[in-house]
>>> print(open('query-v9.pdb').read())   # PDB, C-alpha atoms
MODEL        1
ATOM      1  CA  MET F1425      91.926  91.640  92.936
ATOM      2  CA  VAL F1426      89.769  91.426  96.051
ATOM      3  CA  ALA F1427      89.100  94.627  97.987
ATOM      4  CA  PHE F1428      89.053  94.444 101.769
ATOM      5  CA  PRO F1429      85.434  93.827 102.841
ATOM      6  CA  LEU F1430      85.063  96.114 105.846
ATOM      7  CA  LEU F1431      81.663  97.416 106.882
ATOM      8  CA  LEU F1432      80.998 101.122 106.397
ATOM      9  CA  THR F1433      80.879 102.084 110.067
ATOM     10  CA  PRO F1434      84.475 101.087 111.005
ATOM     11  CA  ILE F1435      85.789 102.365 107.660
ATOM     12  CA  GLU F1436      83.996 105.659 108.132
ATOM     13  CA  SER F1437      85.369 105.972 111.647
ATOM     14  CA  ASN F1438      88.918 105.100 110.620
ATOM     15  CA  TYR F1439      89.024 107.343 107.590
ATOM     16  CA  ARG F1440      87.481 110.257 109.485
ATOM     17  CA  VAL F1441      90.296 110.030 112.031
ATOM     18  CA  CYS F1442      92.751 109.848 109.144
ATOM     19  CA  THR F1443      91.672 113.277 107.874
ATOM     20  CA  ILE F1444      93.684 114.709 110.779
ATOM     21  CA  PRO F1445      97.213 113.955 109.483
ATOM     22  CA  TYR F1446      96.144 114.953 105.956
ATOM     23  CA  ARG F1447      94.682 118.233 107.103
ATOM     24  CA  LYS F1448      97.755 119.054 109.176
ATOM     25  CA  ARG F1449     100.131 118.275 106.319
ATOM     26  CA  ALA F1450      97.985 120.215 103.868
ATOM     27  CA  GLU F1451      97.946 123.251 106.168
ATOM     28  CA  SER F1452     101.737 123.437 106.001
ATOM     29  CA  ASP F1453     102.051 122.883 102.231
ATOM     30  CA  THR F1454     103.927 125.991 101.110
ATOM     31  CA  THR F1455     103.329 125.201  97.431
ATOM     32  CA  VAL F1456      99.607 125.967  97.768
ATOM     33  CA  ALA F1457      98.234 129.474  98.283
ATOM     34  CA  ASP F1458      95.885 129.795 101.285
ATOM     35  CA  ALA F1459      96.849 126.269 102.329
ATOM     36  CA  PRO F1460      95.293 126.424 105.858
ATOM     37  CA  ALA F1461      91.887 127.473 104.505
ATOM     38  CA  LYS F1462      91.992 124.911 101.710
ATOM     39  CA  ALA F1463      93.059 122.210 104.158
ATOM     40  CA  GLN F1464      89.974 122.957 106.231
ATOM     41  CA  LYS F1465      87.852 122.734 103.078
ATOM     42  CA  PHE F1466      89.383 119.327 102.383
ATOM     43  CA  ALA F1467      88.483 118.025 105.847
ATOM     44  CA  GLN F1468      84.956 119.397 105.519
ATOM     45  CA  ARG F1469      84.347 118.021 102.027
ATOM     46  CA  TYR F1470      85.718 114.584 102.823
ATOM     47  CA  SER F1471      83.674 114.367 106.012
ATOM     48  CA  GLU F1472      80.576 115.261 104.008
ATOM     49  CA  ILE F1473      81.359 112.469 101.545
ATOM     50  CA  LEU F1474      81.648 109.990 104.408
ATOM     51  CA  GLU F1475      78.293 111.141 105.778
ATOM     52  CA  ASP F1476      76.773 110.685 102.316
ATOM     53  CA  LEU F1477      78.120 107.140 102.175
ATOM     54  CA  LYS F1478      76.664 106.355 105.586
ATOM     55  CA  LYS F1479      73.235 107.388 104.351
ATOM     56  CA  ASP F1480      73.565 105.874 100.885
ATOM     57  CA  PRO F1481      76.442 103.402 100.308
ATOM     58  CA  GLU F1482      75.895 103.639  96.555
ATOM     59  CA  SER F1483      76.527 107.389  96.450
ATOM     60  CA  HIS F1484      79.864 108.612  95.082
ATOM     61  CA  GLY F1485      80.273 105.430  93.042
ATOM     62  CA  GLY F1486      79.894 103.040  96.003
ATOM     63  CA  PRO F1487      79.829 100.579  97.660
ATOM     64  CA  PRO F1488      82.511 102.092  99.874
ATOM     65  CA  ASP F1489      85.522  99.786  99.897
ATOM     66  CA  CYS F1490      88.970 101.119 100.765
ATOM     67  CA  ILE F1491      89.856 101.745  97.109
ATOM     68  CA  LEU F1492      86.902 104.094  96.668
ATOM     69  CA  LEU F1493      87.557 105.876  99.975
ATOM     70  CA  CYS F1494      91.207 106.455  99.099
ATOM     71  CA  ARG F1495      90.326 107.641  95.608
ATOM     72  CA  LEU F1496      87.740 110.112  96.911
ATOM     73  CA  ARG F1497      90.203 111.475  99.464
ATOM     74  CA  GLU F1498      92.924 112.001  96.845
ATOM     75  CA  GLN F1499      90.390 113.531  94.449
ATOM     76  CA  VAL F1500      89.329 116.148  96.995
ATOM     77  CA  LEU F1501      92.951 117.012  97.803
ATOM     78  CA  ARG F1502      93.868 117.426  94.138
ATOM     79  CA  GLU F1503      90.782 119.483  93.349
ATOM     80  CA  LEU F1504      91.912 121.951  96.013
ATOM     81  CA  GLY F1505      95.408 122.151  94.502
ATOM     82  CA  PHE F1506      97.264 119.789  96.854
ATOM     83  CA  ARG F1507      99.584 117.578  94.801
ATOM     84  CA  ASP F1508     102.024 116.119  97.330
ATOM     85  CA  ILE F1509     101.362 117.235 100.901
ATOM     86  CA  PHE F1510     103.890 114.769 102.347
ATOM     87  CA  LYS F1511     106.743 115.814 100.037
ATOM     88  CA  LYS F1512     108.814 117.547 102.745
ATOM     89  CA  VAL F1513     108.687 114.670 105.204
ATOM     90  CA  LYS F1514     109.354 112.142 102.421
ATOM     91  CA  ASP F1515     112.501 113.991 101.374
ATOM     92  CA  GLU F1516     113.687 114.225 104.977
ATOM     93  CA  GLU F1517     113.097 110.546 105.691
ATOM     94  CA  ASN F1518     114.682 109.467 102.395
ATOM     95  CA  ALA F1519     117.837 111.389 103.291
ATOM     96  CA  LYS F1520     117.984 109.780 106.752
ATOM     97  CA  ALA F1521     117.425 106.274 105.363
ATOM     98  CA  ILE F1522     120.004 106.717 102.590
ATOM     99  CA  SER F1523     122.601 107.588 105.244
ATOM    100  CA  LEU F1524     121.829 104.287 107.040
ATOM    101  CA  PHE F1525     121.622 102.028 103.981
ATOM    102  CA  GLU F1526     125.241 100.816 103.975
ATOM    103  CA  ASP F1527     125.132  99.972 107.691
ATOM    104  CA  VAL F1528     121.883  98.004 107.344
ATOM    105  CA  VAL F1529     123.240  96.089 104.347
ATOM    106  CA  CYS F1530     126.475  95.294 106.216
ATOM    107  CA  LEU F1531     124.525  93.927 109.171
ATOM    108  CA  ASN F1532     122.567  91.668 106.843
ATOM    109  CA  ASP F1533     125.646  90.540 104.918
ATOM    110  CA  ALA F1534     127.369  89.606 108.179
ATOM    111  CA  ILE F1535     124.773  86.858 108.730
ATOM    112  CA  GLU F1536     126.353  83.824 107.068
ATOM    113  CA  ASP F1537     123.376  81.464 107.301
ATOM    114  CA  GLY F1538     121.160  82.165 104.278
ATOM    115  CA  THR F1539     117.804  81.448 105.929
ATOM    116  CA  LYS F1540     118.705  83.473 109.027
ATOM    117  CA  ARG F1541     119.737  86.343 106.762
ATOM    118  CA  LEU F1542     116.390  86.038 104.967
ATOM    119  CA  GLU F1543     114.511  86.234 108.276
ATOM    120  CA  ASN F1544     116.470  89.362 109.192
ATOM    121  CA  LEU F1545     115.637  90.902 105.808
ATOM    122  CA  VAL F1546     111.933  90.139 106.300
ATOM    123  CA  LYS F1547     111.968  91.718 109.759
ATOM    124  CA  GLY F1548     113.603  94.732 108.130
ATOM    125  CA  ILE F1549     110.698  94.990 105.695
ATOM    126  CA  PHE F1550     108.219  95.043 108.579
ATOM    127  CA  ALA F1551     110.303  97.556 110.529
ATOM    128  CA  GLY F1552     110.512  99.835 107.509
ATOM    129  CA  ASN F1553     106.803  99.499 106.824
ATOM    130  CA  ILE F1554     106.060 101.233 110.115
ATOM    131  CA  PHE F1555     106.877 104.542 108.374
ATOM    132  CA  ASP F1556     103.282 104.986 107.242
ATOM    133  CA  LEU F1557     101.761 108.417 107.707
ATOM    134  CA  GLY F1558      98.394 107.186 106.455
ATOM    135  CA  SER F1559      97.870 105.617 109.873
ATOM    136  CA  ALA F1560      96.598 108.214 112.326
ATOM    137  CA  GLN F1561      98.211 106.491 115.309
ATOM    138  CA  LEU F1562     101.591 106.112 113.614
ATOM    139  CA  ALA F1563     101.463 109.632 112.207
ATOM    140  CA  GLU F1564     101.038 110.934 115.756
ATOM    141  CA  VAL F1565     103.914 108.799 117.076
ATOM    142  CA  PHE F1566     106.152 109.842 114.192
ATOM    143  CA  SER F1567     105.357 113.509 114.715
ATOM    144  CA  ARG F1568     106.072 113.266 118.444
ATOM    145  CA  ASP F1569     108.985 110.841 118.725
ATOM    146  CA  GLY F1570     110.297 109.994 115.274
ATOM    147  CA  MET F1571     111.080 106.360 114.500
ATOM    148  CA  SER F1572     114.227 104.258 114.779
ATOM    149  CA  PHE F1573     114.611 101.529 112.171
ATOM    150  CA  LEU F1574     116.852  99.278 114.257
ATOM    151  CA  ALA F1575     114.652  99.703 117.344
ATOM    152  CA  SER F1576     111.619  98.840 115.222
ATOM    153  CA  CYS F1577     113.348  95.637 114.046
ATOM    154  CA  GLN F1578     113.857  94.582 117.648
ATOM    155  CA  ASN F1579     110.361  95.514 118.783
ATOM    156  CA  LEU F1580     108.235  93.680 116.227
ATOM    157  CA  VAL F1581     105.385  91.627 117.678
ATOM    158  CA  SER F1582     106.426  88.095 118.485
ATOM    159  CA  ARG F1583     105.841  85.185 116.149
ATOM    160  CA  PRO F1584     103.695  83.468 115.174
ATOM    161  CA  TRP F1585     102.253  86.451 113.338
ATOM    162  CA  VAL F1586      98.589  86.631 112.399
ATOM    163  CA  ILE F1587      99.476  85.122 109.003
ATOM    164  CA  ASP F1588     102.894  83.519 109.188
ATOM    165  CA  ASP F1589     104.260  81.523 106.253
ATOM    166  CA  LEU F1590     107.849  82.583 106.887
ATOM    167  CA  ASP F1591     109.096  79.120 107.847
ATOM    168  CA  THR F1592     107.607  77.654 104.662
ATOM    169  CA  PHE F1593     109.171  80.425 102.592
ATOM    170  CA  LYS F1594     112.549  79.920 104.253
ATOM    171  CA  VAL F1595     112.521  76.285 103.145
ATOM    172  CA  LYS F1596     111.613  77.309  99.582
ATOM    173  CA  TRP F1597     114.260  80.044  99.644
ATOM    174  CA  SER F1598     116.957  77.484 100.459
ATOM    175  CA  LYS F1599     115.886  75.165  97.624
ATOM    176  CA  LYS F1600     114.399  77.408  94.961
ATOM    177  CA  SER F1601     115.367  80.470  92.962
ATOM    178  CA  TRP F1602     113.172  82.742  90.867
ATOM    179  CA  LYS F1603     113.994  84.140  87.438
ATOM    180  CA  LYS F1604     112.029  87.382  87.804
ATOM    181  CA  ALA F1605     110.380  89.076  90.770
ATOM    182  CA  VAL F1606     107.994  92.021  90.585
ATOM    183  CA  ILE F1607     107.822  93.954  93.858
ATOM    184  CA  PHE F1608     105.030  96.479  94.456
ATOM    185  CA  VAL F1609     106.647  98.948  96.837
ATOM    186  CA  ASP F1610     104.943 101.081  99.468
ATOM    187  CA  ASN F1611     106.308 103.974 101.542
ATOM    188  CA  SER F1612     109.252 106.326 101.184
ATOM    189  CA  GLY F1613     112.052 106.504 103.725
ATOM    190  CA  ALA F1614     112.981 103.458 105.784
ATOM    191  CA  ASP F1615     110.308 101.320 104.115
ATOM    192  CA  ILE F1616     111.729 101.365 100.600
ATOM    193  CA  ILE F1617     115.393 102.082 101.428
ATOM    194  CA  LEU F1618     116.060  99.978 104.543
ATOM    195  CA  GLY F1619     113.332  97.364 104.113
ATOM    196  CA  ILE F1620     112.612  96.565 100.478
ATOM    197  CA  LEU F1621     115.917  97.467  98.809
ATOM    198  CA  PRO F1622     118.077  95.161 100.971
ATOM    199  CA  PHE F1623     115.604  92.345 100.183
ATOM    200  CA  ALA F1624     115.672  93.208  96.469
ATOM    201  CA  ARG F1625     119.468  93.321  96.603
ATOM    202  CA  GLU F1626     119.517  89.808  98.058
ATOM    203  CA  LEU F1627     117.336  88.589  95.193
ATOM    204  CA  LEU F1628     119.737  90.225  92.720
ATOM    205  CA  ARG F1629     122.644  88.486  94.439
ATOM    206  CA  ARG F1630     120.875  85.169  93.859
ATOM    207  CA  GLY F1631     120.477  85.881  90.138
ATOM    208  CA  THR F1632     116.845  87.037  90.112
ATOM    209  CA  GLN F1633     115.826  89.910  87.867
ATOM    210  CA  VAL F1634     113.946  92.411  90.029
ATOM    211  CA  VAL F1635     111.272  94.881  88.928
ATOM    212  CA  LEU F1636     110.354  97.539  91.489
ATOM    213  CA  ALA F1637     106.877  98.931  90.762
ATOM    214  CA  ALA F1638     106.147 102.350  92.262
ATOM    215  CA  ASN F1639     103.200 104.745  92.113
ATOM    216  CA  ASP F1640     102.759 107.132  89.216
ATOM    217  CA  LEU F1641     101.434 109.991  91.389
ATOM    218  CA  PRO F1642     101.923 110.957  95.056
ATOM    219  CA  SER F1643      99.606 109.500  97.681
ATOM    220  CA  ILE F1644     100.293 109.833 101.410
ATOM    221  CA  ASN F1645     104.026 109.139 101.912
ATOM    222  CA  ASP F1646     104.189 106.379  99.284
ATOM    223  CA  VAL F1647     107.290 106.517  97.120
ATOM    224  CA  THR F1648     106.645 107.533  93.506
ATOM    225  CA  TYR F1649     108.315 106.311  90.330
ATOM    226  CA  PRO F1650     110.439 109.477  89.843
ATOM    227  CA  GLU F1651     111.419 109.472  93.532
ATOM    228  CA  LEU F1652     112.482 105.828  93.382
ATOM    229  CA  ILE F1653     114.676 106.480  90.342
ATOM    230  CA  GLU F1654     116.371 109.278  92.282
ATOM    231  CA  ILE F1655     116.810 107.115  95.389
ATOM    232  CA  ILE F1656     118.416 104.265  93.455
ATOM    233  CA  SER F1657     120.705 106.733  91.697
ATOM    234  CA  LYS F1658     121.900 108.110  95.041
ATOM    235  CA  LEU F1659     122.494 104.633  96.487
ATOM    236  CA  LYS F1660     124.552 103.285  93.581
ATOM    237  CA  ASP F1661     128.309 103.616  93.733
ATOM    238  CA  GLY F1662     130.551 104.918  90.957
ATOM    239  CA  THR F1663     130.418 101.577  89.141
ATOM    240  CA  GLY F1664     126.624 101.401  89.253
ATOM    241  CA  LYS F1665     126.516  98.744  91.959
ATOM    242  CA  LEU F1666     124.189  98.640  94.964
ATOM    243  CA  ALA F1667     126.454  98.036  97.947
ATOM    244  CA  GLY F1668     128.657  95.775  95.843
ATOM    245  CA  ILE F1669     125.862  94.008  93.951
ATOM    246  CA  ASP F1670     125.447  94.441  90.192
ATOM    247  CA  THR F1671     122.211  96.237  89.270
ATOM    248  CA  SER F1672     121.984  95.389  85.568
ATOM    249  CA  ASN F1673     119.040  93.134  86.463
ATOM    250  CA  LEU F1674     117.247  95.824  88.491
ATOM    251  CA  LEU F1675     114.377  97.587  86.724
ATOM    252  CA  ILE F1676     112.145 100.374  88.015
ATOM    253  CA  ALA F1677     108.617 100.548  86.630
ATOM    254  CA  ASN F1678     105.717 102.966  86.841
ATOM    255  CA  SER F1679     102.782 100.970  88.199
ATOM    256  CA  GLY F1680     100.235 103.463  86.839
ATOM    257  CA  ASN F1681      98.726 103.663  90.312
ATOM    258  CA  ASP F1682      97.968 106.818  92.310
ATOM    259  CA  LEU F1683      96.629 105.357  95.568
ATOM    260  CA  PRO F1684      98.052 103.655  98.686
ATOM    261  CA  VAL F1685      95.988 100.603  97.685
ATOM    262  CA  ILE F1686      96.010  98.977  94.245
ATOM    263  CA  ASP F1687      93.669  97.365  91.753
ATOM    264  CA  LEU F1688      95.915  94.950  89.889
ATOM    265  CA  THR F1689      93.554  94.908  86.914
ATOM    266  CA  SER F1690      94.488  98.536  86.208
ATOM    267  CA  VAL F1691      98.292  98.628  86.198
ATOM    268  CA  SER F1692     100.233 100.422  83.472
ATOM    269  CA  GLN F1693     100.887  98.735  80.129
ATOM    270  CA  GLU F1694     104.613  98.919  80.863
ATOM    271  CA  LEU F1695     104.243  97.006  84.120
ATOM    272  CA  ALA F1696     101.834  94.487  82.595
ATOM    273  CA  TYR F1697     104.439  93.728  79.940
ATOM    274  CA  LEU F1698     107.307  93.470  82.421
ATOM    275  CA  SER F1699     105.237  91.175  84.644
ATOM    276  CA  SER F1700     104.203  88.756  81.901
ATOM    277  CA  ASP F1701     107.123  86.374  82.575
ATOM    278  CA  ALA F1702     107.501  86.939  86.323
ATOM    279  CA  ASP F1703     107.582  83.874  88.548
ATOM    280  CA  LEU F1704     107.336  85.782  91.833
ATOM    281  CA  VAL F1705     105.092  88.725  92.740
ATOM    282  CA  VAL F1706     105.632  90.572  96.018
ATOM    283  CA  LEU F1707     103.002  92.974  97.358
ATOM    284  CA  GLU F1708     104.233  95.056 100.270
ATOM    285  CA  GLY F1709     102.329  97.234 102.698
ATOM    286  CA  MET F1710      98.936  97.076 104.348
ATOM    287  CA  GLY F1711      97.094  98.791 101.497
ATOM    288  CA  ARG F1712      98.420  96.687  98.632
ATOM    289  CA  ALA F1713      99.122  93.378 100.367
ATOM    290  CA  ILE F1714      96.309  93.148 102.923
ATOM    291  CA  GLU F1715      93.427  95.536 102.280
ATOM    292  CA  THR F1716      93.110  94.975  98.529
ATOM    293  CA  ASN F1717      94.960  91.801  97.530
ATOM    294  CA  LEU F1718      95.287  89.439 100.478
ATOM    295  CA  TYR F1719      93.186  86.810  98.691
ATOM    296  CA  ALA F1720      94.282  87.635  95.150
ATOM    297  CA  GLN F1721      95.391  84.541  93.243
ATOM    298  CA  PHE F1722      98.301  84.601  90.824
ATOM    299  CA  LYS F1723      99.625  82.310  88.117
ATOM    300  CA  CYS F1724     103.032  82.438  89.800
ATOM    301  CA  ASP F1725     104.394  82.379  93.341
ATOM    302  CA  SER F1726     103.366  85.339  95.471
ATOM    303  CA  LEU F1727     104.248  87.053  98.722
ATOM    304  CA  LYS F1728     101.953  89.421 100.597
ATOM    305  CA  ILE F1729     103.917  91.289 103.275
ATOM    306  CA  GLY F1730     102.522  94.020 105.488
ATOM    307  CA  MET F1731     102.066  95.326 108.994
ATOM    308  CA  VAL F1732      98.556  95.648 110.429
ATOM    309  CA  LYS F1733      98.218  99.323 111.342
ATOM    310  CA  HIS F1734      94.450  99.841 111.627
ATOM    311  CA  PRO F1735      92.395  98.338 114.478
ATOM    312  CA  GLU F1736      89.606  97.323 112.077
ATOM    313  CA  VAL F1737      92.036  95.286 109.974
ATOM    314  CA  ALA F1738      93.485  93.622 113.075
ATOM    315  CA  GLN F1739      89.989  92.686 114.216
ATOM    316  CA  PHE F1740      89.062  91.307 110.797
ATOM    317  CA  LEU F1741      92.177  89.124 110.702
ATOM    318  CA  GLY F1742      91.880  88.066 114.348
ATOM    319  CA  GLY F1743      95.292  89.500 115.174
ATOM    320  CA  ARG F1744      96.920  92.297 117.135
ATOM    321  CA  LEU F1745      97.457  95.913 116.181
ATOM    322  CA  TYR F1746     100.930  96.101 114.564
ATOM    323  CA  ASP F1747     100.796  92.374 113.915
ATOM    324  CA  CYS F1748     102.518  91.137 110.775
ATOM    325  CA  VAL F1749     101.242  89.371 107.670
ATOM    326  CA  PHE F1750     103.634  87.170 105.704
ATOM    327  CA  LYS F1751     101.542  85.174 103.262
ATOM    328  CA  TYR F1752     103.317  82.936 100.748
ATOM    329  CA  ASN F1753     101.539  81.068  97.972
ATOM    330  CA  GLU F1754     103.458  78.713  95.732
ATOM    331  CA  VAL F1755     102.183  77.747  92.301
ATOM    332  CA  LEU F1756     103.330  74.288  91.386
ATOM    333  CA  SER F1757     104.382  73.989  87.742
TER
ENDMDL
END
>>> encode(input="query-v9.pdb", output="structure tokens")
Amino acid sequence: MVAFPLLLTPIESNYRVCTIPYRKRAESDTTVADAPAKAQKFAQRYSEILEDLKKDPESHGGPPDCILLCRLREQVLRELGFRDIFKKVKDEENAKAISLFEDVVCLNDAIEDGTKRLENLVKGIFAGNIFDLGSAQLAEVFSRDGMSFLASCQNLVSRPWVIDDLDTFKVKWSKKSWKKAVIFVDNSGADIILGILPFARELLRRGTQVVLAANDLPSINDVTYPELIEIISKLKDGTGKLAGIDTSNLLIANSGNDLPVIDLTSVSQELAYLSSDADLVVLEGMGRAIETNLYAQFKCDSLKIGMVKHPEVAQFLGGRLYDCVFKYNEVLS
């Protein structure tokens, strides 16, 4: 696992801005008494931590990579009694996405050419990944205008993307199949339901066993293990199929993680066991795929898929804001 090596100044700037959507969501959390006052305390405490890190990068368990900054933010929220400040919006977006799932799957299934269908599925993953309320800019857009999944599919930045191995993967897809894929999922709503699940369904159709690994505890609008179980249950038909595809080879695992980024050396024992014979690992989302594991090396094939939603990350990669990363590494046996 390699954490994203940003300097403190841009990280501090970015994460200070990102206290705004957290504070606003915390203020409206009806499960917490005196939520507005406690939300203000959160913003104050987290800002003080960032100032401490500017003065002394080793304070608070530094140096300050994105894993530490996320952990400190979640720690302050939980200390003040906030457990899941995005719960309401997650539930709303899950309901909307569930209502669109069949239509999205039908559009994909109508594409007869396998590699063209794959490309459409990948674009769907990127379009879904836009639903990320940890990005201050996207949180503002979402709050003001909402987001359309199909419009997002059509409005992705043009290829070639900043890291673009899609053509290579399409060739492998047409010639190769995988026995077991472990997919580290990211956000609720369109991301998991309209982006990842249609892709996972396609893998199931091809005979791959699929393990979906979701967070143990809430963080931003990331989908959690219990939420994912509920989502899958709602999407299955009366025979237990996912839009006509058998799900006996679909497993849902608790990753043991509680952050929007992930240290792969600290996953749950359950997931470690389930991953021991995987021949494909998929990391999805900016936090897991780009900021903390872009250069991680695996003993099996791997995909890192995510949209670039922070200016500092775009600058580091030499790409555009809202650019896409599709990084494929094949391990030759």
>>> closest_residue(input="query-v9.pdb", among="F:Ile1554, F:Val1595, F:Leu1704, F:Ile1616", to="Tyr1746 (chain F)", atoms="only C-alpha atoms")
F:Ile1554
>>> atom_distance(input="query-v9.pdb", atom1="CA of Asn1645 (chain F)", atom2="CA of Thr1671 (chain F)")
25.6 Å
>>> closest_atom_pairs(input="query-v9.pdb", of="region 1591-1680 of chain F", to="region 1490-1500 of chain F", cutoff="12 Å", atoms="all atoms listed in the file", output="CSV")
residue,atom,partner,partner_atom,distance
F:Leu1641,CA,F:Glu1498,CA,10.3
F:Pro1642,CA,F:Glu1498,CA,9.2
F:Ser1643,CA,F:Glu1498,CA,7.2
F:Ile1644,CA,F:Glu1498,CA,8.9
>>> resolve_selection(input="query-v9.pdb", expression="the PyMOL selection byres ((chain F and resi 1722) around 9)", output="mmCIF file with C-alpha atoms, in the coordinates of the input")
data_model
loop_
_atom_site.group_PDB
_atom_site.id
_atom_site.type_symbol
_atom_site.label_atom_id
_atom_site.label_comp_id
_atom_site.auth_asym_id
_atom_site.auth_seq_id
_atom_site.Cartn_x
_atom_site.Cartn_y
_atom_site.Cartn_z
ATOM 1 C CA VAL F 1705 105.092 88.725 92.740
ATOM 2 C CA ALA F 1720 94.282 87.635 95.150
ATOM 3 C CA GLN F 1721 95.391 84.541 93.243
ATOM 4 C CA LYS F 1723 99.625 82.310 88.117
ATOM 5 C CA CYS F 1724 103.032 82.438 89.800
ATOM 6 C CA ASP F 1725 104.394 82.379 93.341
ATOM 7 C CA SER F 1726 103.366 85.339 95.471
ATOM 8 C CA ASN F 1753 101.539 81.068 97.972
ATOM 9 C CA VAL F 1755 102.183 77.747 92.301
#
>>> closest_residue(input="query-v9.pdb", among="F:Thr1443, F:Ser1757, F:Gln1464, F:Asn1532", to="Ala1667 (chain F)", atoms="only C-alpha atoms")
F:Asn1532
>>> closest_residue(input="query-v9.pdb", among="F:Gly1664, F:Phe1593, F:Asp1703, F:Gln1693", to="Thr1632 (chain F)", atoms="all atoms listed in the file")
F:Asp1703
>>> axis_aligned_box(input="query-v9.pdb", around="region 1609-1613 of chain F", padding_each_side="6 Å", output="AutoDock Vina command-line options")
--center_x 108.5 --center_y 102.7 --center_z 100.3 --size_x 19.1 --size_y 19.6 --size_z 18.9
>>> residues_around(input="query-v9.pdb", residues="Ser1582 (chain F)", least_positions_apart="5", cutoff="12 Å", atoms="only C-alpha atoms", output="list in words")
Lys1547, Cys1577, Asp1588, Gly1743, Arg1744, Tyr1746, Asp1747 and Cys1748 of chain F
>>> resolve_selection(input="query-v9.pdb", expression="the PyMOL selection byres ((chain F and resi 1680) around 7)", output="PDB file with C-alpha atoms, keeping the file's coordinate frame")
ATOM      1  CA  ASN F1639     103.200 104.745  92.113  1.00  0.00           C
ATOM      2  CA  ASP F1640     102.759 107.132  89.216  1.00  0.00           C
ATOM      3  CA  ASN F1678     105.717 102.966  86.841  1.00  0.00           C
ATOM      4  CA  SER F1679     102.782 100.970  88.199  1.00  0.00           C
ATOM      5  CA  ASN F1681      98.726 103.663  90.312  1.00  0.00           C
ATOM      6  CA  ASP F1682      97.968 106.818  92.310  1.00  0.00           C
ATOM      7  CA  VAL F1691      98.292  98.628  86.198  1.00  0.00           C
ATOM      8  CA  SER F1692     100.233 100.422  83.472  1.00  0.00           C
TER       9      SER F1692
END
>>> atom_distance(input="query-v9.pdb", atom1="CA of Asn1518 (chain F)", atom2="CA of Glu1651 (chain F)")
9.4 Å
>>> atom_distance(input="query-v9.pdb", atom1="CA of Trp1585 (chain F)", atom2="CA of Val1749 (chain F)")
6.5 Å
>>> residues_around(input="query-v9.pdb", residues="Ala1702 (chain F)", least_positions_apart="2", cutoff="10 Å", atoms="only C-alpha atoms", output="compact mmCIF listing (two decimals) with C-alpha atoms, keeping the file's coordinate frame")
# COMPACT_ATOMS: atom_id res chain seq x y z
CA TRP F 1602 113.17 82.74 90.87
CA LYS F 1603 113.99 84.14 87.44
CA LYS F 1604 112.03 87.38 87.80
CA ALA F 1605 110.38 89.08 90.77
CA VAL F 1606 107.99 92.02 90.58
CA GLN F 1633 115.83 89.91 87.87
CA VAL F 1634 113.95 92.41 90.03
CA VAL F 1635 111.27 94.88 88.93
CA TYR F 1697 104.44 93.73 79.94
CA LEU F 1698 107.31 93.47 82.42
CA SER F 1699 105.24 91.18 84.64
CA SER F 1700 104.20 88.76 81.90
CA LEU F 1704 107.34 85.78 91.83
CA VAL F 1705 105.09 88.72 92.74
CA LYS F 1723 99.62 82.31 88.12
CA CYS F 1724 103.03 82.44 89.80
CA ASP F 1725 104.39 82.38 93.34
